[in-house]
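Have a look at query.pdb below; it lists PDB, C-alpha atoms and all ligand atoms.
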ATOM      1  CA  MET S   1      11.038  -3.957  11.999
ATOM      2  CA  SER S   2      10.819  -3.343  15.697
ATOM      3  CA  ARG S   3      14.565  -2.841  16.176
ATOM      4  CA  LYS S   4      14.857  -0.106  13.566
ATOM      5  CA  LYS S   5      11.476   1.350  14.400
ATOM      6  CA  ALA S   6      12.600   1.664  17.998
ATOM      7  CA  ALA S   7      15.438   3.817  16.760
ATOM      8  CA  LYS S   8      12.968   6.152  15.082
ATOM      9  CA  GLY S   9      12.813   8.597  17.945
ATOM     10  CA  LYS S  10      16.578   8.992  17.983
ATOM     11  CA  GLY S  11      17.342   8.867  14.297
ATOM     12  CA  SER S  12      16.788  11.067  11.330
ATOM     13  CA  SER S  13      13.215  11.478  10.261
ATOM     14  CA  ARG S  14      13.896  10.370   6.685
ATOM     15  CA  SER S  15      16.357   7.551   7.105
ATOM     16  CA  PRO S  16      15.540   4.202   5.479
ATOM     17  CA  LYS S  17      12.853   2.189   7.215
ATOM     18  CA  ALA S  18      13.618  -1.166   8.761
ATOM     19  CA  SER S  19      12.779  -4.329   6.952
ATOM     20  CA  PRO S  20      10.487  -6.725   8.829
ATOM     21  CA  GLY S  21      11.623  -9.650   6.772
ATOM     22  CA  GLY S  22      15.200  -9.395   7.894
ATOM     23  CA  GLY S  23      16.743  -5.968   7.447
ATOM     24  CA  ARG S  24      17.486  -6.251   3.738
ATOM     25  CA  THR S  25      18.784  -3.258   1.878
ATOM     26  CA  ALA S  26      17.245  -1.612  -1.150
ATOM     27  CA  LYS S  27      20.100  -2.950  -3.224
ATOM     28  CA  GLY S  28      19.510  -6.491  -2.005
ATOM     29  CA  LEU S  29      15.808  -6.216  -2.597
ATOM     30  CA  ALA S  30      16.188  -4.837  -6.076
ATOM     31  CA  ALA S  31      18.407  -7.788  -6.931
ATOM     32  CA  ALA S  32      16.115 -10.343  -5.266
ATOM     33  CA  ALA S  33      13.858 -12.390  -7.524
ATOM     34  CA  ALA S  34      10.230 -11.308  -7.660
ATOM     35  CA  PRO S  35       7.755 -13.788  -6.155
ATOM     36  CA  SER S  36       7.080 -16.684  -8.490
ATOM     37  CA  SER S  37       3.411 -17.390  -7.867
ATOM     38  CA  GLY S  38       0.594 -15.343  -6.420
ATOM     39  CA  LEU S  39      -1.586 -18.138  -5.168
ATOM     40  CA  VAL S  40      -0.833 -21.149  -3.040
ATOM     41  CA  TYR S  41      -3.373 -23.954  -2.945
ATOM     42  CA  PRO S  42      -2.099 -26.650  -0.632
ATOM     43  CA  SER S  43      -4.021 -29.910  -1.118
ATOM     44  CA  ARG S  44      -3.942 -30.283   2.654
ATOM     45  CA  PRO S  45      -3.229 -27.693   5.353
ATOM     46  CA  SER S  46       0.253 -26.204   5.098
ATOM     47  CA  ILE S  47       2.312 -24.676   7.811
ATOM     48  CA  SER S  48       3.539 -21.083   7.778
ATOM     49  CA  ASN S  49       6.963 -19.900   8.942
ATOM     50  CA  SER S  50       5.479 -18.936  12.278
ATOM     51  CA  GLY S  51       4.217 -22.516  12.765
ATOM     52  CA  GLU S  52       0.569 -21.789  12.005
ATOM     53  CA  PHE S  53      -1.472 -24.087   9.766
ATOM     54  CA  TYR S  54      -3.338 -22.604   6.808
ATOM     55  CA  ASP S  55      -5.519 -23.886   3.987
ATOM     56  CA  ILE S  56      -5.039 -21.221   1.322
ATOM     57  CA  ALA S  57      -2.656 -18.313   0.889
ATOM     58  CA  PHE S  58      -2.821 -15.014  -0.964
ATOM     59  CA  LYS S  59      -0.527 -12.110  -1.668
ATOM     60  CA  VAL S  60      -1.683  -8.644  -0.750
ATOM     61  CA  MET S  61       0.286  -5.488  -1.607
ATOM     62  CA  LEU S  62       0.103  -2.149   0.149
ATOM     63  CA  VAL S  63       0.686   0.726  -2.269
ATOM     64  CA  GLY S  64       0.395   4.503  -2.201
ATOM     65  CA  ASP S  65       2.494   7.630  -1.742
ATOM     66  CA  SER S  66       5.317   7.792   0.752
ATOM     67  CA  GLY S  67       4.041   8.662   4.225
ATOM     68  CA  VAL S  68       0.391   7.640   3.780
ATOM     69  CA  GLY S  69       0.810   4.990   6.491
ATOM     70  CA  LYS S  70       1.335   1.660   4.693
ATOM     71  CA  THR S  71       3.854   0.297   7.185
ATOM     72  CA  CYS S  72       1.782   1.518  10.122
ATOM     73  CA  LEU S  73      -1.308  -0.187   8.706
ATOM     74  CA  LEU S  74       0.570  -3.459   8.402
ATOM     75  CA  VAL S  75       2.065  -3.201  11.891
ATOM     76  CA  ARG S  76      -1.337  -2.340  13.355
ATOM     77  CA  PHE S  77      -2.892  -5.366  11.663
ATOM     78  CA  LYS S  78      -0.073  -7.783  12.445
ATOM     79  CA  ASP S  79       0.962  -6.633  15.931
ATOM     80  CA  GLY S  80      -1.900  -4.406  17.100
ATOM     81  CA  ALA S  81       0.539  -1.540  17.682
ATOM     82  CA  PHE S  82       1.040   1.951  16.289
ATOM     83  CA  LEU S  83       4.424   3.224  15.148
ATOM     84  CA  ALA S  84       4.383   6.745  16.498
ATOM     85  CA  GLY S  85       7.309   9.152  16.288
ATOM     86  CA  SER S  86       9.395  10.360  13.411
ATOM     87  CA  PHE S  87       8.747   8.940   9.997
ATOM     88  CA  ILE S  88      11.173   6.361   8.597
ATOM     89  CA  SER S  89      10.623   5.669   4.924
ATOM     90  CA  THR S  90      10.504   2.073   3.639
ATOM     91  CA  VAL S  91      13.391   0.962   1.441
ATOM     92  CA  GLY S  92      12.374  -1.313  -1.438
ATOM     93  CA  ILE S  93       9.784  -3.876  -0.420
ATOM     94  CA  ASP S  94       9.211  -6.419   2.327
ATOM     95  CA  PHE S  95       6.459  -8.665   3.653
ATOM     96  CA  ARG S  96       4.847 -10.129   6.739
ATOM     97  CA  ASN S  97       2.433 -13.048   7.051
ATOM     98  CA  LYS S  98      -0.771 -13.326   9.003
ATOM     99  CA  VAL S  99      -3.089 -16.336   9.174
ATOM    100  CA  MET S 100      -6.772 -15.486   9.605
ATOM    101  CA  SER S 101      -9.791 -17.676  10.158
ATOM    102  CA  ILE S 102     -12.364 -16.913   7.464
ATOM    103  CA  ASP S 103     -15.598 -18.960   7.642
ATOM    104  CA  ALA S 104     -13.685 -21.860   9.229
ATOM    105  CA  VAL S 105     -10.982 -21.739   6.552
ATOM    106  CA  LYS S 106      -7.435 -20.778   7.531
ATOM    107  CA  VAL S 107      -6.348 -18.046   5.128
ATOM    108  CA  LYS S 108      -2.741 -16.892   5.082
ATOM    109  CA  LEU S 109      -2.200 -13.359   3.869
ATOM    110  CA  GLN S 110       1.330 -12.574   2.765
ATOM    111  CA  ILE S 111       1.299  -8.805   2.965
ATOM    112  CA  TRP S 112       3.867  -6.843   0.969
ATOM    113  CA  ASP S 113       4.752  -3.400   2.238
ATOM    114  CA  THR S 114       6.101  -1.330  -0.626
ATOM    115  CA  ALA S 115       8.108   1.889  -0.596
ATOM    116  CA  GLY S 116       6.053   4.880  -1.674
ATOM    117  CA  GLN S 117       9.029   6.927  -2.809
ATOM    118  CA  GLU S 118       9.357   7.342  -6.566
ATOM    119  CA  ARG S 119      12.885   6.003  -6.671
ATOM    120  CA  PHE S 120      11.680   2.526  -5.613
ATOM    121  CA  ARG S 121       8.831   2.239  -8.117
ATOM    122  CA  SER S 122      10.805   0.090 -10.531
ATOM    123  CA  VAL S 123      11.533  -2.362  -7.677
ATOM    124  CA  THR S 124       7.867  -2.744  -6.787
ATOM    125  CA  HIS S 125       6.631  -3.068 -10.386
ATOM    126  CA  ALA S 126       7.909  -6.662 -10.545
ATOM    127  CA  TYR S 127       5.756  -7.651  -7.578
ATOM    128  CA  TYR S 128       2.419  -6.395  -8.919
ATOM    129  CA  ARG S 129       1.796  -9.317 -11.261
ATOM    130  CA  ASP S 130       1.685 -11.869  -8.435
ATOM    131  CA  ALA S 131      -0.512  -9.833  -6.127
ATOM    132  CA  ASN S 132      -4.014 -11.159  -5.534
ATOM    133  CA  ALA S 133      -5.104  -7.947  -3.854
ATOM    134  CA  LEU S 134      -3.890  -4.367  -3.623
ATOM    135  CA  LEU S 135      -4.708  -2.025  -0.784
ATOM    136  CA  LEU S 136      -4.266   1.420  -2.297
ATOM    137  CA  LEU S 137      -3.792   4.039   0.400
ATOM    138  CA  TYR S 138      -3.970   7.794   0.511
ATOM    139  CA  ASP S 139      -3.642  10.073   3.519
ATOM    140  CA  VAL S 140      -6.798  12.100   4.253
ATOM    141  CA  THR S 141      -4.580  14.924   5.564
ATOM    142  CA  ASN S 142      -2.529  15.071   2.355
ATOM    143  CA  LYS S 143      -4.425  16.131  -0.777
ATOM    144  CA  ALA S 144      -1.513  15.313  -3.100
ATOM    145  CA  SER S 145      -1.517  11.679  -1.940
ATOM    146  CA  PHE S 146      -5.200  11.528  -2.953
ATOM    147  CA  ASP S 147      -4.632  13.251  -6.295
ATOM    148  CA  ASN S 148      -1.816  10.854  -7.127
ATOM    149  CA  ILE S 149      -4.217   7.892  -6.967
ATOM    150  CA  ARG S 150      -6.208   9.032  -9.928
ATOM    151  CA  GLU S 151      -5.646   7.887 -13.459
ATOM    152  CA  ARG S 152      -4.271  10.610 -15.686
ATOM    153  CA  ALA S 153      -3.369  12.695 -12.658
ATOM    154  CA  GLU S 154       0.040  14.165 -13.122
ATOM    155  CA  VAL S 155       2.705  14.845 -10.579
ATOM    156  CA  VAL S 156       4.590  17.735 -12.032
ATOM    157  CA  ARG S 157       7.809  18.920 -10.546
ATOM    158  CA  VAL S 158       9.893  21.756 -11.796
ATOM    159  CA  TRP S 159      13.608  22.158 -11.403
ATOM    160  CA  ASP S 160      15.860  24.897 -12.573
ATOM    161  CA  ALA S 161      17.758  23.204 -15.360
ATOM    162  CA  GLY S 162      20.326  25.965 -15.681
ATOM    163  CA  THR S 163      21.567  27.100 -19.050
ATOM    164  CA  SER S 164      22.849  23.792 -20.417
ATOM    165  CA  GLY S 165      19.815  21.503 -20.200
ATOM    166  CA  LEU S 166      19.376  19.303 -17.152
ATOM    167  CA  ALA S 167      21.030  20.493 -13.991
ATOM    168  CA  LYS S 168      21.604  16.888 -12.850
ATOM    169  CA  PRO S 169      21.341  13.413 -14.387
ATOM    170  CA  TRP S 170      17.890  11.824 -14.067
ATOM    171  CA  GLU S 171      18.935   9.486 -11.294
ATOM    172  CA  GLU S 172      19.872  12.389  -9.085
ATOM    173  CA  LEU S 173      16.696  14.372  -9.481
ATOM    174  CA  GLU S 174      14.972  14.339  -6.141
ATOM    175  CA  GLY S 175      12.116  11.871  -5.850
ATOM    176  CA  VAL S 176      12.451  10.424  -9.363
ATOM    177  CA  GLY S 177      13.460   6.833  -9.911
ATOM    178  CA  GLY S 178      15.316   7.415 -13.136
ATOM    179  CA  GLU S 179      14.364   7.810 -16.744
ATOM    180  CA  ARG S 180      12.290   4.603 -16.767
ATOM    181  CA  ASP S 181       9.741   6.123 -14.413
ATOM    182  CA  VAL S 182       9.432   9.344 -16.259
ATOM    183  CA  LEU S 183       6.597   9.532 -18.743
ATOM    184  CA  ALA S 184       7.460  12.854 -20.244
ATOM    185  CA  ALA S 185      10.168  15.382 -19.804
ATOM    186  CA  LEU S 186       9.971  18.679 -21.551
ATOM    187  CA  GLY S 187      12.443  21.504 -21.529
ATOM    188  CA  VAL S 188      10.452  24.590 -20.624
ATOM    189  CA  GLY S 189      12.625  27.692 -20.598
ATOM    190  CA  SER S 190      15.106  27.102 -17.827
ATOM    191  CA  ALA S 191      12.975  24.445 -16.148
ATOM    192  CA  VAL S 192      12.224  20.746 -16.615
ATOM    193  CA  VAL S 193       8.708  19.461 -16.163
ATOM    194  CA  VAL S 194       8.441  15.802 -15.179
ATOM    195  CA  LYS S 195       5.210  13.837 -15.237
ATOM    196  CA  LEU S 196       5.005  10.618 -13.237
ATOM    197  CA  GLU S 197       2.512   7.759 -13.309
ATOM    198  CA  ALA S 198      -0.520   7.874 -11.024
ATOM    199  CA  TRP S 199      -1.148   4.809  -8.835
ATOM    200  CA  LEU S 200      -4.168   3.579 -10.775
ATOM    201  CA  THR S 201      -2.190   3.806 -14.008
ATOM    202  CA  GLU S 202       0.515   1.625 -12.481
ATOM    203  CA  ILE S 203      -2.004  -0.906 -11.266
ATOM    204  CA  HIS S 204      -3.594  -1.207 -14.710
ATOM    205  CA  GLU S 205      -0.193  -1.551 -16.278
ATOM    206  CA  TYR S 206       1.465  -4.066 -13.946
ATOM    207  CA  ALA S 207      -1.173  -5.973 -11.934
ATOM    208  CA  GLN S 208      -3.335  -8.910 -13.021
ATOM    209  CA  GLN S 209      -6.687  -7.950 -14.515
ATOM    210  CA  ASP S 210      -8.676  -9.707 -11.799
ATOM    211  CA  VAL S 211      -6.675  -8.282  -8.891
ATOM    212  CA  VAL S 212      -8.834  -7.152  -5.952
ATOM    213  CA  VAL S 213      -8.271  -3.426  -5.400
ATOM    214  CA  MET S 214      -9.498  -1.562  -2.338
ATOM    215  CA  LEU S 215      -9.072   2.165  -1.773
ATOM    216  CA  LEU S 216      -8.273   3.235   1.788
ATOM    217  CA  GLY S 217      -8.278   6.788   3.135
ATOM    218  CA  ASN S 218      -5.923   6.525   6.116
ATOM    219  CA  LYS S 219      -5.239   8.792   9.164
ATOM    220  CA  VAL S 220      -8.893   9.633   9.820
ATOM    221  CA  ASP S 221      -7.994  10.146  13.467
ATOM    222  CA  SER S 222      -6.413  13.476  12.384
ATOM    223  CA  THR S 223      -9.788  15.194  12.131
ATOM    224  CA  HIS S 224      -8.435  18.757  12.367
ATOM    225  CA  ASP S 225      -5.952  18.267   9.535
ATOM    226  CA  ARG S 226      -8.316  16.514   7.151
ATOM    227  CA  MET S 227      -7.946  17.738   3.552
ATOM    228  CA  VAL S 228      -9.878  15.017   1.718
ATOM    229  CA  LYS S 229     -13.554  14.506   2.538
ATOM    230  CA  ARG S 230     -14.953  11.035   2.923
ATOM    231  CA  GLU S 231     -17.344  11.737   0.041
ATOM    232  CA  GLU S 232     -14.415  12.507  -2.270
ATOM    233  CA  GLY S 233     -12.874   9.116  -1.503
ATOM    234  CA  GLU S 234     -16.223   7.417  -2.062
ATOM    235  CA  LYS S 235     -16.690   9.225  -5.367
ATOM    236  CA  LEU S 236     -13.260   8.257  -6.653
ATOM    237  CA  ALA S 237     -13.768   4.631  -5.625
ATOM    238  CA  LYS S 238     -17.180   4.515  -7.337
ATOM    239  CA  GLU S 239     -15.714   5.999 -10.487
ATOM    240  CA  PHE S 240     -13.152   3.208 -10.674
ATOM    241  CA  GLY S 241     -15.496   0.500  -9.375
ATOM    242  CA  VAL S 242     -13.439  -0.394  -6.314
ATOM    243  CA  PRO S 243     -14.521  -0.722  -2.680
ATOM    244  CA  PHE S 244     -13.600   2.049  -0.279
ATOM    245  CA  MET S 245     -13.231   2.667   3.403
ATOM    246  CA  GLU S 246     -11.488   5.042   5.768
ATOM    247  CA  THR S 247      -8.977   3.742   8.286
ATOM    248  CA  SER S 248      -6.645   4.823  11.058
ATOM    249  CA  SER S 249      -3.515   2.900  11.894
ATOM    250  CA  LYS S 250      -3.229   5.087  14.955
ATOM    251  CA  SER S 251      -6.613   4.276  16.519
ATOM    252  CA  GLY S 252      -6.971   0.956  14.704
ATOM    253  CA  LEU S 253     -10.248   2.064  13.106
ATOM    254  CA  ASN S 254     -11.298  -0.369  10.366
ATOM    255  CA  VAL S 255      -7.811  -1.858   9.984
ATOM    256  CA  ASP S 256      -8.798  -5.469  10.744
ATOM    257  CA  LEU S 257     -11.966  -4.983   8.723
ATOM    258  CA  ALA S 258     -10.024  -3.927   5.618
ATOM    259  CA  PHE S 259      -7.836  -7.046   5.664
ATOM    260  CA  THR S 260     -10.731  -9.326   6.646
ATOM    261  CA  ALA S 261     -12.853  -8.026   3.774
ATOM    262  CA  VAL S 262     -10.064  -8.643   1.282
ATOM    263  CA  ALA S 263      -9.388 -12.122   2.709
ATOM    264  CA  LYS S 264     -13.094 -12.971   2.450
ATOM    265  CA  GLU S 265     -13.262 -11.793  -1.151
ATOM    266  CA  LEU S 266     -10.216 -13.864  -2.113
ATOM    267  CA  LYS S 267     -11.424 -16.919  -0.226
ATOM    268  CA  HIS S 268     -14.880 -16.706  -1.853
ATOM    269  CA  ARG S 269     -13.374 -16.388  -5.306
ATOM    270  CA  THR S 270     -11.258 -19.465  -4.723
ATOM    271  CA  MET S 271     -13.674 -21.730  -2.873
ATOM    272  CA  LYS S 272     -17.127 -20.557  -3.986
ATOM    273  CA  GLU S 273     -19.733 -23.265  -4.512
ATOM    274  CA  PRO S 274     -21.448 -23.022  -7.927
ATOM    275  CA  ASP S 275     -24.796 -21.987  -6.419
ATOM    276  CA  GLU S 276     -23.298 -19.645  -3.812
ATOM    277  CA  PRO S 277     -23.943 -15.924  -4.448
ATOM    278  CA  LYS S 278     -20.954 -13.692  -5.245
ATOM    279  CA  PHE S 279     -19.380 -12.070  -2.197
ATOM    280  CA  GLN S 280     -20.118  -8.326  -2.170
ATOM    281  CA  LEU S 281     -17.091  -6.703  -0.585
ATOM    282  CA  GLN S 282     -18.451  -3.153  -0.259
ATOM    283  CA  GLN S 283     -21.760  -4.391   1.130
ATOM    284  CA  TYR S 284     -19.919  -6.521   3.678
ATOM    285  CA  VAL S 285     -17.766  -3.584   4.769
ATOM    286  CA  ASP S 286     -20.755  -1.218   5.034
ATOM    287  CA  LYS S 287     -22.736  -3.759   7.046
ATOM    288  CA  GLU S 288     -19.847  -4.438   9.417
ATOM    289  CA  MET S 289     -19.302  -0.711   9.961
ATOM    290  CA  ARG S 290     -23.014  -0.166  10.662
ATOM    291  CA  THR S 291     -23.035  -3.072  13.112
ATOM    292  CA  ALA S 292     -19.997  -1.739  14.945
ATOM    293  CA  GLY S 293     -21.332   1.833  15.034
ATOM    294  CA  CYS S 294     -18.722   4.178  13.659
ATOM    295  CA  CYS S 295     -15.711   2.731  15.406
ATOM    296  CA  ARG S 296     -14.514  -0.708  14.679
ATOM    297  CA  SER S 297     -10.919  -1.557  15.382
TER
HETATM  298  N1  LIG S 301      -2.217  10.365  12.835
HETATM  299  C1  LIG S 301      -1.842   9.277  12.132
HETATM  300  N2  LIG S 301      -0.564   9.140  11.736
HETATM  301  C2  LIG S 301      -0.246   8.031  11.022
HETATM  302  C3  LIG S 301      -1.183   7.028  10.707
HETATM  303  N3  LIG S 301      -0.560   6.066   9.994
HETATM  304  C4  LIG S 301       0.718   6.450   9.877
HETATM  305  N4  LIG S 301       0.917   7.623  10.501
HETATM  306  C5  LIG S 301       2.168   8.382  10.574
HETATM  307  O1  LIG S 301       2.534   8.727   9.240
HETATM  308  C6  LIG S 301       3.927   8.605   9.052
HETATM  309  C7  LIG S 301       4.234   7.681   7.886
HETATM  310  O2  LIG S 301       3.788   6.368   8.177
HETATM  311  P1  LIG S 301       4.386   5.096   7.444
HETATM  312  O3  LIG S 301       3.543   3.932   7.791
HETATM  313  O4  LIG S 301       5.835   4.974   7.742
HETATM  314  O5  LIG S 301       4.198   5.530   5.907
HETATM  315  P2  LIG S 301       4.486   4.667   4.586
HETATM  316  O6  LIG S 301       3.303   4.819   3.695
HETATM  317  O7  LIG S 301       4.872   3.284   4.937
HETATM  318  O8  LIG S 301       5.710   5.470   3.956
HETATM  319  P3  LIG S 301       6.855   4.898   2.934
HETATM  320  O9  LIG S 301       7.514   3.780   3.652
HETATM  321  O10 LIG S 301       7.783   6.042   2.692
HETATM  322  O11 LIG S 301       6.166   4.478   1.688
HETATM  323  C8  LIG S 301       4.512   8.125  10.383
HETATM  324  O12 LIG S 301       5.009   9.249  11.093
HETATM  325  C9  LIG S 301       3.317   7.535  11.117
HETATM  326  O13 LIG S 301       3.430   7.627  12.525
HETATM  327  C10 LIG S 301      -2.536   7.201  11.160
HETATM  328  O14 LIG S 301      -3.446   6.398  10.927
HETATM  329  N5  LIG S 301      -2.803   8.355  11.865
END

Take the structure in the file and write it out as C-alpha cells.
Ligand SMILES: Nc1nc2c(ncn2[C@@H]2O[C@H](COP(=O)(O)OP(=O)(O)OP(=O)(O)O)[C@@H](O)[C@H]2O)c(=O)[nH]1
Amino acid sequence: MSRKKAAKGKGSSRSPKASPGGGRTAKGLAAAAAPSSGLVYPSRPSISNSGEFYDIAFKVMLVGDSGVGKTCLLVRFKDGAFLAGSFISTVGIDFRNKVMSIDAVKVKLQIWDTAGQERFRSVTHAYYRDANALLLLYDVTNKASFDNIRERAEVVRVWDAGTSGLAKPWEELEGVGGERDVLAALGVGSAVVVKLEAWLTEIHEYAQQDVVVMLLGNKVDSTHDRMVKREEGEKLAKEFGVPFMETSSKSGLNVDLAFTAVAKELKHRTMKEPDEPKFQLQQYVDKEMRTAGCCRS
C-alpha cells in the first residue's frame, strides 16, 4: 500500500488504489477464490504471517461508499498513520492482519478493505458470508454516503438515454457494476432511472445472520464541513439495533476503540463461560469514550 499511496500526491486523484496484500489488480481479485472459512480456532497458538502468535482469528470487513475513509481507517489502525493527499480509490478487495491482546487472549483480526465503487460490488459480495464482523462506514461530511446506508434508500441516477433506449450498455454506465447490481431500470422519457442496493440491504442479503455490524461516522475532524449530525447516526444505528460511534482516521479519534470493541465482542462470543454475562458492545464503547474524555485515539 505504501508504495502506491506515496504516489498519490503525484498521480491522478481517481486512479486505482494500491493493494496492501501485494498489488493485485481488480481482474486478479475478481478471479481469486473467496475466503473459505470465517473463523479460525487453532487448538494451540498459531503464528501469523508477520510472525506473531495468536489464539483465535476473525474476519472483519470494512464497507461503505467510495471515499468514506475505509482504507484510511485500516491504515490508521494498522500503522498509526494517515493517508493525506489526493484520493486513490480501492480496486476490488484486499486485507491486512493485526494481532491484538484482548483480556490476555491473542486475537488476530484479518481486516478486509473493500472498494466502495459500485462496479466492484459483485466482487465484494462473495466475501460477506465469511465475515465475522462488518464495520459500516459513512462520511459525516457527505450526506449521500449516510443515506446510502439505510435499507430501502435508493440511489437514483439519471442519464440521457437518447432516442433509441440506453445510450450505453450497462457495463459502461458510470458507477454501475453491470446489470446484476441494478435492482430496477425504467425508461422514463429520454432518461433511465437506476436504483441500487443500500448497504444494509446488501448486508442482510449476503452476510451471516449473526455477523457483528457496527456503524461508524468517519471524518469527524472536519467539523466545518459536517453534514450529518451525531444524533442522526445514533438514531439510524438504534433503528437497526447496531452499535455506533464516530471516528476520524485523520486524528485517530476512536479508531483503535472501534476495532478493539469488535474484537472483544467476537472473542466473548467465542470463549464466553456459561455463567459470564453477555458482552455489551455499545456500553463498552460509551464507557471507554467517557473515561477518555471526548478524544481517544
Ligand atoms: N478529513 C478527513 N479525511 C479523511 C478521513 N479519512 C479519509 N479521509 C480522506 O478521504 C479520502 C478517501 O479516503 P479512503 O480511505 O481512500 O476512502 P475509501 O472509503 O477507502 O474509498 P474507496 O477505496 O473508493 O472505497 C482521502 O482523500 C482521505 O485522505 C478522515 O478521518 N478525515

Inset, instruction - Can you work out which one of S:Thr201, S:Ser251, S:Asn142, S:Asn132 has the shortest atom-to-atom distance to ligand LIG 301 (chain S), counting all atoms listed in the file? - result: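 Using all atoms listed in the file, ligand LIG 301 (chain S) sits closest to S:Ser251.
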
Exercise: segment 237-243 of chain S partners within 10 Å, all atoms listed in the file, chain neighbours under 6 positions left out, as a PDB file with C-alpha atoms, in the frame of the given file:
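That gives us part_0.pdb:
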ATOM      1  CA  ARG S 150      -6.208   9.032  -9.928  1.00  0.00           C
ATOM      2  CA  GLU S 151      -5.646   7.887 -13.459  1.00  0.00           C
ATOM      3  CA  LEU S 200      -4.168   3.579 -10.775  1.00  0.00           C
ATOM      4  CA  VAL S 212      -8.834  -7.152  -5.952  1.00  0.00           C
ATOM      5  CA  VAL S 213      -8.271  -3.426  -5.400  1.00  0.00           C
ATOM      6  CA  MET S 214      -9.498  -1.562  -2.338  1.00  0.00           C
ATOM      7  CA  LEU S 215      -9.072   2.165  -1.773  1.00  0.00           C
ATOM      8  CA  LEU S 216      -8.273   3.235   1.788  1.00  0.00           C
ATOM      9  CA  GLU S 231     -17.344  11.737   0.041  1.00  0.00           C
ATOM     10  CA  ALA S 258     -10.024  -3.927   5.618  1.00  0.00           C
ATOM     11  CA  ALA S 261     -12.853  -8.026   3.774  1.00  0.00           C
ATOM     12  CA  VAL S 262     -10.064  -8.643   1.282  1.00  0.00           C
ATOM     13  CA  GLN S 280     -20.118  -8.326  -2.170  1.00  0.00           C
ATOM     14  CA  LEU S 281     -17.091  -6.703  -0.585  1.00  0.00           C
ATOM     15  CA  GLN S 282     -18.451  -3.153  -0.259  1.00  0.00           C
ATOM     16  CA  GLN S 283     -21.760  -4.391   1.130  1.00  0.00           C
ATOM     17  CA  VAL S 285     -17.766  -3.584   4.769  1.00  0.00           C
ATOM     18  CA  ASP S 286     -20.755  -1.218   5.034  1.00  0.00           C
TER      19      ASP S 286
END

Inset, instruction - Can you give me, as a list of chain:residue names, the residues this file yields under the PyMOL selection byres (((chain S and resi 106) around 9) and not hetatm)? - result: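 Evaluating the PyMOL selection byres (((chain S and resi 106) around 9) and not hetatm) on these coordinates yields S:Pro45, S:Phe53, S:Tyr54, S:Asp55, S:Ile56, S:Ala57, S:Val99, S:Met100, S:Ser101, S:Ile102, S:Asp103, S:Ala104, S:Val105, S:Val107, S:Lys108.
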
What would the file look like if the residues just selected were written as a tab-separated table (two decimals), keeping the file's coordinate frame with C-alpha atoms?
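Ended up saving to selection_1.tsv:
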chain	number	residue	atom	x	y	z
S	45	PRO	CA	-3.23	-27.69	5.35
S	53	PHE	CA	-1.47	-24.09	9.77
S	54	TYR	CA	-3.34	-22.60	6.81
S	55	ASP	CA	-5.52	-23.89	3.99
S	56	ILE	CA	-5.04	-21.22	1.32
S	57	ALA	CA	-2.66	-18.31	0.89
S	99	VAL	CA	-3.09	-16.34	9.17
S	100	MET	CA	-6.77	-15.49	9.60
S	101	SER	CA	-9.79	-17.68	10.16
S	102	ILE	CA	-12.36	-16.91	7.46
S	103	ASP	CA	-15.60	-18.96	7.64
S	104	ALA	CA	-13.68	-21.86	9.23
S	105	VAL	CA	-10.98	-21.74	6.55
S	107	VAL	CA	-6.35	-18.05	5.13
S	108	LYS	CA	-2.74	-16.89	5.08

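Neighbouring residues of segment 64-81 of chain S at 8 Å or closer, counting all atoms listed in the file and skipping chain neighbours under 5 positions away, are Phe87, Ser89, Thr90, Arg96, Asn97, Lys98, Ile111, Asp113, Thr114, Ala115, Gly116, Gln117, Leu136, Leu137, Tyr138, Asp139, Ser145, Asn148, Ile149, Trp199, Asn218, Lys219, Ser248, Ser249, Lys250, Gly252, Val255, Asp256 and Phe259 of chain S.
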
Legend entry - Distance of atom CA of Thr124 of chain S from atom CA of Glu265 of chain S, expressed in Å to one decimal place: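 So the two atoms, atom CA of Glu265 of chain S and atom CA of Thr124 of chain S, lie 23.7 Å apart.
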
Inset, instruction - Take atom CA of Glu118 of chain S and atom CA of Ala133 of chain S and report the distance between them in Å, one decimal. - result: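 Between atom CA of Glu118 of chain S and atom CA of Ala133 of chain S the gap is 21.2 Å.
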
Legend entry - Between atom C7 of ligand LIG 301 (chain S) and atom CA of Phe82 of chain S - distance in Å to one decimal: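 Interatomic distance here is 10.7 Å.
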
Legend entry - Option closest in space to ligand LIG 301 (chain S), from S:Glu232, S:Glu288, S:Asp94, S:Asp210 [counting all atoms listed in the file]: S:Asp94

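With all atoms listed in the file as the basis for measurement, S:Val220 is the residue among S:Val220, S:Val211, S:Leu257, S:Leu109 that approaches ligand LIG 301 (chain S) most closely.
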
Six-sided padding of 6 Å per side, axis-aligned box over segment 110-122 of chain S, centre and edges in Å, one decimal, as lines of an AutoDock Vina configuration file:
center_x = 7.1
center_y = -2.6
center_z = -3.8
size_x = 23.6
size_y = 31.9
size_z = 25.5
